[in-house]
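Here is data_10.pdb, consisting of PDB, C-alpha atoms:
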MODEL        1
ATOM      1  CA  MET J  25     -16.778 -71.300  13.298
ATOM      2  CA  SER J  26     -20.444 -71.621  12.591
ATOM      3  CA  LYS J  27     -22.544 -68.761  11.245
ATOM      4  CA  ASP J  28     -25.640 -70.017  13.055
ATOM      5  CA  GLY J  29     -27.521 -67.179  14.749
ATOM      6  CA  VAL J  30     -25.430 -64.418  13.178
ATOM      7  CA  ASN J  31     -27.409 -61.571  11.641
ATOM      8  CA  THR J  32     -25.139 -60.527   8.730
ATOM      9  CA  SER J  33     -27.314 -57.588   7.698
ATOM     10  CA  ARG J  34     -27.130 -56.187  11.240
ATOM     11  CA  ARG J  35     -23.365 -56.697  11.281
ATOM     12  CA  THR J  36     -23.026 -54.884   7.927
ATOM     13  CA  PHE J  37     -25.179 -52.041   9.232
ATOM     14  CA  LEU J  38     -23.095 -51.696  12.428
ATOM     15  CA  ILE J  39     -19.818 -51.757  10.479
ATOM     16  CA  GLY J  40     -21.163 -49.048   8.121
ATOM     17  CA  LEU J  41     -22.458 -46.957  11.024
ATOM     18  CA  THR J  42     -19.145 -47.231  12.906
ATOM     19  CA  SER J  43     -17.219 -46.266   9.766
ATOM     20  CA  ALA J  44     -19.450 -43.232   9.196
ATOM     21  CA  VAL J  45     -19.090 -42.051  12.809
ATOM     22  CA  GLY J  46     -15.324 -42.565  12.564
ATOM     23  CA  ALA J  47     -15.157 -40.536   9.332
ATOM     24  CA  VAL J  48     -17.178 -37.676  10.872
ATOM     25  CA  GLY J  49     -14.883 -37.733  13.908
ATOM     26  CA  ALA J  50     -11.782 -37.635  11.684
ATOM     27  CA  VAL J  51     -13.176 -34.650   9.765
ATOM     28  CA  GLY J  52     -14.084 -32.959  13.074
ATOM     29  CA  VAL J  53     -10.487 -33.296  14.224
ATOM     30  CA  ALA J  54      -8.969 -32.339  10.845
ATOM     31  CA  VAL J  55     -10.977 -29.130  10.264
ATOM     32  CA  PRO J  56      -9.496 -27.112  13.169
ATOM     33  CA  PHE J  57      -6.055 -28.483  12.338
ATOM     34  CA  VAL J  58      -6.273 -27.411   8.674
ATOM     35  CA  LYS J  59      -7.906 -24.094   9.650
ATOM     36  CA  SER J  60      -4.889 -23.307  11.833
ATOM     37  CA  TRP J  61      -2.770 -23.226   8.660
ATOM     38  CA  LEU J  62      -4.909 -20.528   7.063
ATOM     39  CA  PRO J  63      -4.192 -16.845   7.768
ATOM     40  CA  SER J  64      -6.480 -15.191  10.276
ATOM     41  CA  ALA J  65      -9.022 -12.572   9.211
ATOM     42  CA  ARG J  66      -6.795  -9.954  10.829
ATOM     43  CA  ALA J  67      -3.810 -11.119   8.768
ATOM     44  CA  GLU J  68      -5.878 -11.136   5.567
ATOM     45  CA  ASN J  69      -7.146  -7.621   6.264
ATOM     46  CA  ALA J  70      -3.631  -6.381   6.922
ATOM     47  CA  GLY J  71      -2.586  -7.189   3.362
ATOM     48  CA  ALA J  72      -5.887  -6.703   1.602
ATOM     49  CA  PRO J  73      -6.207  -3.942  -0.987
ATOM     50  CA  VAL J  74      -7.731  -0.666   0.237
ATOM     51  CA  GLN J  75     -10.085   1.476  -1.826
ATOM     52  CA  ILE J  76      -9.927   5.257  -1.436
ATOM     53  CA  ASP J  77     -12.585   7.614  -2.775
ATOM     54  CA  ILE J  78     -10.846  10.775  -4.001
ATOM     55  CA  SER J  79     -13.905  12.435  -5.544
ATOM     56  CA  LYS J  80     -14.103  15.067  -2.765
ATOM     57  CA  LEU J  81     -10.349  15.587  -2.442
ATOM     58  CA  GLU J  82      -9.642  19.212  -3.344
ATOM     59  CA  GLU J  83      -6.398  20.711  -4.663
ATOM     60  CA  GLY J  84      -3.748  20.814  -1.979
ATOM     61  CA  GLN J  85      -5.587  18.362   0.289
ATOM     62  CA  ARG J  86      -4.235  15.068   1.577
ATOM     63  CA  VAL J  87      -6.112  12.003   2.760
ATOM     64  CA  VAL J  88      -4.465   9.304   4.917
ATOM     65  CA  ARG J  89      -5.496   5.622   4.987
ATOM     66  CA  GLU J  90      -3.835   2.525   6.393
ATOM     67  CA  TRP J  91      -2.594  -0.352   4.244
ATOM     68  CA  ARG J  92      -0.485  -3.217   5.601
ATOM     69  CA  GLY J  93      -0.014  -1.324   8.845
ATOM     70  CA  GLN J  94       1.479   1.706   7.089
ATOM     71  CA  PRO J  95      -0.005   5.132   6.416
ATOM     72  CA  VAL J  96      -0.788   5.775   2.754
ATOM     73  CA  TRP J  97      -1.036   9.392   1.652
ATOM     74  CA  VAL J  98      -3.081  10.524  -1.307
ATOM     75  CA  VAL J  99      -2.467  14.168  -2.243
ATOM     76  CA  ARG J 100      -4.280  16.105  -4.950
ATOM     77  CA  ARG J 101      -1.496  18.359  -6.205
ATOM     78  CA  SER J 102      -2.244  21.875  -7.343
ATOM     79  CA  LYS J 103      -0.771  23.537 -10.424
ATOM     80  CA  ASP J 104       1.773  25.347  -8.195
ATOM     81  CA  MET J 105       2.850  22.052  -6.602
ATOM     82  CA  LEU J 106       3.409  20.499 -10.022
ATOM     83  CA  GLU J 107       5.373  23.521 -11.260
ATOM     84  CA  GLY J 108       7.591  23.320  -8.171
ATOM     85  CA  LEU J 109       8.500  19.726  -9.086
ATOM     86  CA  ASP J 110       9.973  20.855 -12.404
ATOM     87  CA  LYS J 111      12.056  23.558 -10.697
ATOM     88  CA  LEU J 112      13.511  21.076  -8.173
ATOM     89  CA  ALA J 113      14.387  18.292 -10.608
ATOM     90  CA  THR J 114      18.166  18.741 -10.491
ATOM     91  CA  GLU J 115      20.895  16.653  -8.899
ATOM     92  CA  GLU J 116      22.118  19.710  -6.984
ATOM     93  CA  VAL J 117      18.851  19.752  -5.015
ATOM     94  CA  LEU J 118      17.561  16.139  -5.017
ATOM     95  CA  SER J 119      19.403  12.877  -4.396
ATOM     96  CA  ASP J 120      17.464  10.890  -6.997
ATOM     97  CA  PRO J 121      15.549  13.351  -9.223
ATOM     98  CA  GLU J 122      14.932  10.731 -11.949
ATOM     99  CA  SER J 123      13.657   8.124  -9.441
ATOM    100  CA  SER J 124      16.188   5.649 -10.798
ATOM    101  CA  ASN J 125      15.946   3.428  -7.701
ATOM    102  CA  THR J 126      13.265   1.117  -9.081
ATOM    103  CA  ASN J 127      12.533  -0.436  -5.664
ATOM    104  CA  GLN J 128      10.848   2.811  -4.577
ATOM    105  CA  GLN J 129       8.001   2.849  -7.123
ATOM    106  CA  PRO J 130       6.264   0.608  -9.682
ATOM    107  CA  ASP J 131       7.272   0.991 -13.352
ATOM    108  CA  TYR J 132       4.155   3.009 -14.185
ATOM    109  CA  ALA J 133       5.129   5.590 -11.554
ATOM    110  CA  GLN J 134       8.723   6.033 -12.711
ATOM    111  CA  ASN J 135       8.174   9.464 -14.210
ATOM    112  CA  PRO J 136       8.793  13.058 -13.022
ATOM    113  CA  TYR J 137       5.536  13.020 -11.014
ATOM    114  CA  ARG J 138       5.987   9.486  -9.622
ATOM    115  CA  SER J 139       2.299   8.867 -10.221
ATOM    116  CA  ILE J 140      -0.217   7.528 -12.713
ATOM    117  CA  LYS J 141      -1.974  10.905 -13.019
ATOM    118  CA  PRO J 142       0.180  14.027 -12.490
ATOM    119  CA  GLU J 143      -2.331  15.689 -10.144
ATOM    120  CA  VAL J 144      -2.732  12.682  -7.781
ATOM    121  CA  LEU J 145       0.181  11.477  -5.654
ATOM    122  CA  VAL J 146       0.086   8.172  -3.737
ATOM    123  CA  LEU J 147       2.873   7.496  -1.205
ATOM    124  CA  ILE J 148       3.688   5.364   1.810
ATOM    125  CA  GLY J 149       3.910   8.005   4.542
ATOM    126  CA  THR J 150       7.012   6.782   6.359
ATOM    127  CA  CYS J 151      10.465   8.320   6.121
ATOM    128  CA  THR J 152      13.048   6.065   4.481
ATOM    129  CA  HIS J 153      15.575   6.978   7.173
ATOM    130  CA  LEU J 154      14.138   5.463  10.365
ATOM    131  CA  GLY J 155      10.432   5.069   9.585
ATOM    132  CA  CYS J 156       9.131   8.264  11.195
ATOM    133  CA  SER J 157       6.098   9.979   9.685
ATOM    134  CA  PRO J 158       6.980  13.229   7.887
ATOM    135  CA  THR J 159       4.642  16.195   8.202
ATOM    136  CA  TYR J 160       2.681  17.403   5.220
ATOM    137  CA  THR J 161       3.735  20.954   4.338
ATOM    138  CA  PRO J 162       1.431  22.245   1.591
ATOM    139  CA  GLN J 163       2.758  25.823   1.761
ATOM    140  CA  PRO J 164       6.352  26.949   1.104
ATOM    141  CA  THR J 165       8.607  27.237   4.174
ATOM    142  CA  VAL J 166      12.217  28.201   4.804
ATOM    143  CA  GLN J 167      13.321  24.549   4.437
ATOM    144  CA  LEU J 168      10.876  23.631   1.659
ATOM    145  CA  GLU J 169      10.807  26.430  -0.889
ATOM    146  CA  PHE J 170       7.947  24.793  -2.838
ATOM    147  CA  GLY J 171       6.360  22.819   0.024
ATOM    148  CA  GLY J 172       6.525  19.053   0.415
ATOM    149  CA  PHE J 173       7.114  16.698   3.334
ATOM    150  CA  PHE J 174       9.400  17.372   6.300
ATOM    151  CA  CYS J 175      10.474  14.744   8.831
ATOM    152  CA  PRO J 176      10.905  16.557  12.170
ATOM    153  CA  CYS J 177      12.749  13.624  13.766
ATOM    154  CA  HIS J 178      16.012  14.032  11.843
ATOM    155  CA  GLY J 179      15.352  16.737   9.254
ATOM    156  CA  SER J 180      14.765  14.705   6.090
ATOM    157  CA  MET J 181      12.878  16.585   3.360
ATOM    158  CA  PHE J 182      10.917  15.385   0.341
ATOM    159  CA  ASP J 183       9.252  17.251  -2.517
ATOM    160  CA  PHE J 184       5.654  16.773  -3.715
ATOM    161  CA  ALA J 185       6.704  13.698  -5.702
ATOM    162  CA  GLY J 186       8.224  12.120  -2.581
ATOM    163  CA  ARG J 187      11.762  12.651  -3.918
ATOM    164  CA  VAL J 188      14.369  13.091  -1.204
ATOM    165  CA  TYR J 189      16.496  16.215  -0.950
ATOM    166  CA  ARG J 190      20.266  15.935  -1.082
ATOM    167  CA  SER J 191      22.301  15.994   2.183
ATOM    168  CA  VAL J 192      19.529  14.781   4.496
ATOM    169  CA  PRO J 193      19.503  11.530   6.527
ATOM    170  CA  ALA J 194      16.895   9.731   4.384
ATOM    171  CA  PRO J 195      18.741   7.601   1.803
ATOM    172  CA  THR J 196      15.968   7.145  -0.772
ATOM    173  CA  ASN J 197      12.749   8.624  -2.098
ATOM    174  CA  LEU J 198       9.462   7.834  -0.349
ATOM    175  CA  VAL J 199       7.883   4.591  -1.525
ATOM    176  CA  VAL J 200       5.030   4.629  -4.049
ATOM    177  CA  PRO J 201       2.849   1.571  -3.317
ATOM    178  CA  PRO J 202       1.277  -0.547  -6.044
ATOM    179  CA  HIS J 203      -2.049   1.041  -6.920
ATOM    180  CA  SER J 204      -4.492   1.583  -9.747
ATOM    181  CA  TYR J 205      -7.686   3.436 -10.611
ATOM    182  CA  LEU J 206     -10.997   1.583 -10.488
ATOM    183  CA  SER J 207     -12.601   4.803 -11.764
ATOM    184  CA  ASP J 208     -11.719   8.514 -11.883
ATOM    185  CA  ALA J 209     -12.936   8.777  -8.290
ATOM    186  CA  VAL J 210     -11.637   5.530  -6.718
ATOM    187  CA  ILE J 211      -8.044   4.385  -6.223
ATOM    188  CA  ILE J 212      -7.246   0.883  -5.009
ATOM    189  CA  ILE J 213      -4.017   0.568  -2.996
ATOM    190  CA  GLY J 214      -2.241  -2.785  -3.096
ATOM    191  CA  SER J 215      -3.792  -3.944  -6.365
ATOM    192  CA  GLU J 216      -3.126  -3.219 -10.008
ATOM    193  CA  GLU J 217      -6.437  -4.664 -11.231
ATOM    194  CA  GLY J 218      -7.648  -1.257 -12.430
ATOM    195  CA  GLU J 219      -6.139   1.344 -14.773
ATOM    196  CA  THR J 220      -2.407   2.067 -14.377
ATOM    197  CA  ALA J 221      -1.963   4.315 -17.380
TER
ENDMDL
END
For this file, produce the structure as structure tokens.
Amino acid sequence: MSKDGVNTSRRTFLIGLTSAVGAVGAVGVAVPFVKSWLPSARAENAGAPVQIDISKLEEGQRVVREWRGQPVWVVRRSKDMLEGLDKLATEEVLSDPESSNTNQQPDYAQNPYRSIKPEVLVLIGTCTHLGCSPTYTPQPTVQLEFGGFFCPCHGSMFDFAGRVYRSVPAPTNLVVPPHSYLSDAVIIIGSEEGETA
């Protein structure tokens, strides 16, 4: 075949142009496909750490926030609440007074207060029986001599450390989520990037 009348520079240009358009088209098709593998913004937000400002939280008050679709309670315990914990810490009253079930709290919260700082309690606010939400009972009642959390659905009771009472339907203590302090006034739930001691 003769190369007479063939413009090789034009042919090279057209081949390059066609290749470039083909590459852009391939990227245009690949981007949505690869993006479909990534978690949605809603899914990322569902598991993202949550910051809670506790600077205005007074003794005896509780604040509720959502993390991973679950309510997280932060309670600033008073001196009376903390003293009540010591009086309850017996196996006759509580199922797991020493919090020996390590699946219910991180290592840094495996102490009598189940918290990093004794005065601040952080819990997942769902009953370990069937997932109901216990009521916050800051004052003593007939059922809760020193106050705590009472699940009206089936009668489970927890003290101000989230420890479950003996002979109630809930099998384990309330869960303490992973958390840390970014400062004295800010707790981050779902991340241990701050202070845990």
Tell me, as a PDB file with C-alpha atoms, keeping the file's coordinate frame, which residues lie within 12 Å of segment 128-137 of chain J, counting all atoms listed in the file; anything in the same chain fewer than 4 positions away does not count.
ATOM      1  CA  VAL J  99      -2.467  14.168  -2.243  1.00  0.00           C
ATOM      2  CA  ARG J 100      -4.280  16.105  -4.950  1.00  0.00           C
ATOM      3  CA  ARG J 101      -1.496  18.359  -6.205  1.00  0.00           C
ATOM      4  CA  MET J 105       2.850  22.052  -6.602  1.00  0.00           C
ATOM      5  CA  LEU J 106       3.409  20.499 -10.022  1.00  0.00           C
ATOM      6  CA  GLU J 107       5.373  23.521 -11.260  1.00  0.00           C
ATOM      7  CA  GLY J 108       7.591  23.320  -8.171  1.00  0.00           C
ATOM      8  CA  LEU J 109       8.500  19.726  -9.086  1.00  0.00           C
ATOM      9  CA  ASP J 110       9.973  20.855 -12.404  1.00  0.00           C
ATOM     10  CA  LYS J 111      12.056  23.558 -10.697  1.00  0.00           C
ATOM     11  CA  LEU J 112      13.511  21.076  -8.173  1.00  0.00           C
ATOM     12  CA  ALA J 113      14.387  18.292 -10.608  1.00  0.00           C
ATOM     13  CA  THR J 114      18.166  18.741 -10.491  1.00  0.00           C
ATOM     14  CA  ASP J 120      17.464  10.890  -6.997  1.00  0.00           C
ATOM     15  CA  PRO J 121      15.549  13.351  -9.223  1.00  0.00           C
ATOM     16  CA  GLU J 122      14.932  10.731 -11.949  1.00  0.00           C
ATOM     17  CA  SER J 123      13.657   8.124  -9.441  1.00  0.00           C
ATOM     18  CA  SER J 124      16.188   5.649 -10.798  1.00  0.00           C
ATOM     19  CA  LYS J 141      -1.974  10.905 -13.019  1.00  0.00           C
ATOM     20  CA  PRO J 142       0.180  14.027 -12.490  1.00  0.00           C
ATOM     21  CA  GLU J 143      -2.331  15.689 -10.144  1.00  0.00           C
ATOM     22  CA  VAL J 144      -2.732  12.682  -7.781  1.00  0.00           C
ATOM     23  CA  LEU J 145       0.181  11.477  -5.654  1.00  0.00           C
ATOM     24  CA  VAL J 146       0.086   8.172  -3.737  1.00  0.00           C
ATOM     25  CA  LEU J 147       2.873   7.496  -1.205  1.00  0.00           C
ATOM     26  CA  ILE J 148       3.688   5.364   1.810  1.00  0.00           C
ATOM     27  CA  THR J 152      13.048   6.065   4.481  1.00  0.00           C
ATOM     28  CA  ASP J 183       9.252  17.251  -2.517  1.00  0.00           C
ATOM     29  CA  PHE J 184       5.654  16.773  -3.715  1.00  0.00           C
ATOM     30  CA  ALA J 185       6.704  13.698  -5.702  1.00  0.00           C
ATOM     31  CA  GLY J 186       8.224  12.120  -2.581  1.00  0.00           C
ATOM     32  CA  ARG J 187      11.762  12.651  -3.918  1.00  0.00           C
ATOM     33  CA  VAL J 188      14.369  13.091  -1.204  1.00  0.00           C
ATOM     34  CA  PRO J 195      18.741   7.601   1.803  1.00  0.00           C
ATOM     35  CA  THR J 196      15.968   7.145  -0.772  1.00  0.00           C
ATOM     36  CA  ASN J 197      12.749   8.624  -2.098  1.00  0.00           C
ATOM     37  CA  LEU J 198       9.462   7.834  -0.349  1.00  0.00           C
ATOM     38  CA  VAL J 199       7.883   4.591  -1.525  1.00  0.00           C
ATOM     39  CA  VAL J 200       5.030   4.629  -4.049  1.00  0.00           C
ATOM     40  CA  PRO J 201       2.849   1.571  -3.317  1.00  0.00           C
ATOM     41  CA  PRO J 202       1.277  -0.547  -6.044  1.00  0.00           C
ATOM     42  CA  HIS J 203      -2.049   1.041  -6.920  1.00  0.00           C
ATOM     43  CA  SER J 204      -4.492   1.583  -9.747  1.00  0.00           C
ATOM     44  CA  GLY J 214      -2.241  -2.785  -3.096  1.00  0.00           C
ATOM     45  CA  SER J 215      -3.792  -3.944  -6.365  1.00  0.00           C
ATOM     46  CA  GLU J 216      -3.126  -3.219 -10.008  1.00  0.00           C
ATOM     47  CA  GLU J 219      -6.139   1.344 -14.773  1.00  0.00           C
ATOM     48  CA  THR J 220      -2.407   2.067 -14.377  1.00  0.00           C
ATOM     49  CA  ALA J 221      -1.963   4.315 -17.380  1.00  0.00           C
TER      50      ALA J 221
END
Record the distance separating atom CA of Leu81 of chain J and atom CA of Thr150 of chain J, expressed in Å with one decimal.
21.4 Å
Using the file's own x, y and z axes, so that the box edges lie along x, y and z, what centre and edge lengths in Å (one decimal) does a box around every listed atom of segment 214-218 of chain J get when 3 Å is added on each side? Give it as JSON.
{"center_x": -4.9, "center_y": -3.0, "center_z": -7.8, "size_x": 11.4, "size_y": 9.4, "size_z": 15.3}
Distance of atom CA of Trp97 of chain J from atom CA of Leu118 of chain J, expressed in Å to one decimal place
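Answer for the atom CA of Leu118 of chain J to atom CA of Trp97 of chain J separation: 20.9 Å.
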Would you please work out which residue, of J:Val96, J:Ile76, J:Cys151, J:Val53, is nearest to Phe173 of chain J when using all atoms listed in the file?
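Answer, going by the shortest atom-to-atom distance: J:Cys151.
The environment of Pro176 of chain J within 8 Å, counting all atoms listed in the file and disregarding residues fewer than 3 places along the same chain, consists of Pro158, Thr159, Gly179 and Ser180 of chain J.
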Could you write out that same residue set with C-alpha atoms as an mmCIF file, keeping the file's coordinate frame?
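To be explicit, this is the file written out as result-v3.cif:
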data_model
loop_
_atom_site.group_PDB
_atom_site.id
_atom_site.type_symbol
_atom_site.label_atom_id
_atom_site.label_comp_id
_atom_site.auth_asym_id
_atom_site.auth_seq_id
_atom_site.Cartn_x
_atom_site.Cartn_y
_atom_site.Cartn_z
ATOM 1 C CA PRO J 158 6.980 13.229 7.887
ATOM 2 C CA THR J 159 4.642 16.195 8.202
ATOM 3 C CA GLY J 179 15.352 16.737 9.254
ATOM 4 C CA SER J 180 14.765 14.705 6.090
#
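Between Ala72 of chain J and the candidates J:Pro56, J:Leu168, J:Val51, J:Arg92, the tightest atom-to-atom separation, counting all atoms listed in the file, involves J:Arg92.
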Name all residues at most 7 Å from segment 208-212 of chain J (count only C-alpha atoms; drop same-chain ones fewer than 6 positions away) and give them as a ChimeraX atom specification.
/J:73-79
Can you measure atom CA of His153 of chain J to atom CA of Glu116 of chain J for me? One decimal in Å is fine.
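Atom-to-atom, atom CA of His153 of chain J and atom CA of Glu116 of chain J are spaced 20.1 Å apart.
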Out of J:Gly149, J:Gly93, J:Gly40, J:Gly84, which residue has the shortest atom-to-atom distance to Pro162 of chain J when counting all atoms listed in the file?
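Between J:Gly149, J:Gly93, J:Gly40, J:Gly84, the residue approaching Pro162 of chain J most closely is J:Gly84.
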